[in-house]
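Structure first, then comments.
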Amino acid sequence: MPKKQSVLVVCSNRKAYHDYFIESDYEAGLSLLGAEVKSVRQKEVSLEGSFVRIENGRAYVYNMHVKPYKFNSLTELEPTRVRELLLNKKEIRKLSAKAELKGYALIPLEIYFKNGWAKLKLAVAKGKHLFDKRDALKKRDLNREMEQTFKNNIRF
C-alpha cells in the first residue's frame, strides 16, 4: 500500500502569477539551518521579490525573507541570506539553459513541507508586459460577470 504524503503549504507567491507567464515548475529541496526551519514552520517567511540564480553549477535563492526565530539563543542569522536549493545536476542544467533565454527568469512560487522536508516550488517564467496584465484582468472580470449572470438566471 502506498504511503500517504502530507503537504503543508507555508507561503505562496501569488504576485508571481500576475507578473509572469508560468511555463513549467520544479520541486527543489531547501537548505535551511535549524532556527530557520522553526521560523518557516511558524509561517514567518516571505517570497516577495525573491528569485533563483544558478552559479557554479548550484542553484541559490535570493531575497527570501525568513524572520529570525525569537527563541534562538545561538547565532543570529541574516533574514535575507542566500540559501542553496537541492536539485539534481540534470535539473540544474535544464534550468540554467532555460533561464539564459531572453525574457525568462526562475521564480519561487511556494514553500511547503512534504513529509517533514522543506521544499520550494520554483518556476521557469516569462515576464508579462503591462498590456498582458490588463488583458488578464479583463478576462477575469468578464468570466466573473458571466458566472454571476448564469447563477442569477438559472434558478429552480
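Identifiers in the C-alpha cells: chain A, B, ... in order shown; residue index from 1 per chain; ligand index from 1 in order shown.
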(request) DSSP on the backbone, then: every residue of range 55-111 of chain A marked strand (DSSP E or B), written as a count of residues only. (result) 20
(request) Would you mind listing what lies within 12 Å of range 76-86 of chain A as a PyMOL selection string, with only C-alpha atoms counted and same-chain residues fewer than 6 positions away left out? (result) chain A and resi 26-36+39-40+44-70+92+108+111+117-122
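Scanning range 65-105 of chain A with DSSP on the backbone, the alpha helix (DSSP H) assignments fall on A:Lys89, A:Lys90, A:Glu91, A:Ile92, A:Arg93, A:Lys94, A:Leu95, A:Ser96, A:Ala97, A:Lys98, A:Ala99.
Our summary of the geometry notes that CA of Ala99 in chain A is positioned 15.9 Å from CA of Ala16 in chain A.
Each of A:Ser6, A:Ser24, A:Asn153, A:Gln148 was checked against Tyr104 in chain A using only C-alpha atoms; the smallest atom-to-atom distance is that of A:Ser24.
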(message) I'd like to know which of A:Arg140, A:Arg41, A:Lys4, A:Lys102 is closest to Ala125 in chain A, using only C-alpha atoms.
(response) A:Lys102
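Computed from the coordinates, the CA of Glu23 in chain A to CA of Glu145 in chain A distance equals 28.0 Å.
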(request) Could you jot down the CA of Ser96 in chain A to CA of Ala123 in chain A separation for me, Å, one decimal place? (result) 12.1 Å
(request) Please identify all polymer residues within 9 Å of Leu8 in chain A, counting only C-alpha atoms, omitting same-chain residues fewer than 5 positions from it, and present them as a PyMOL selection string. (result) chain A and resi 111-116
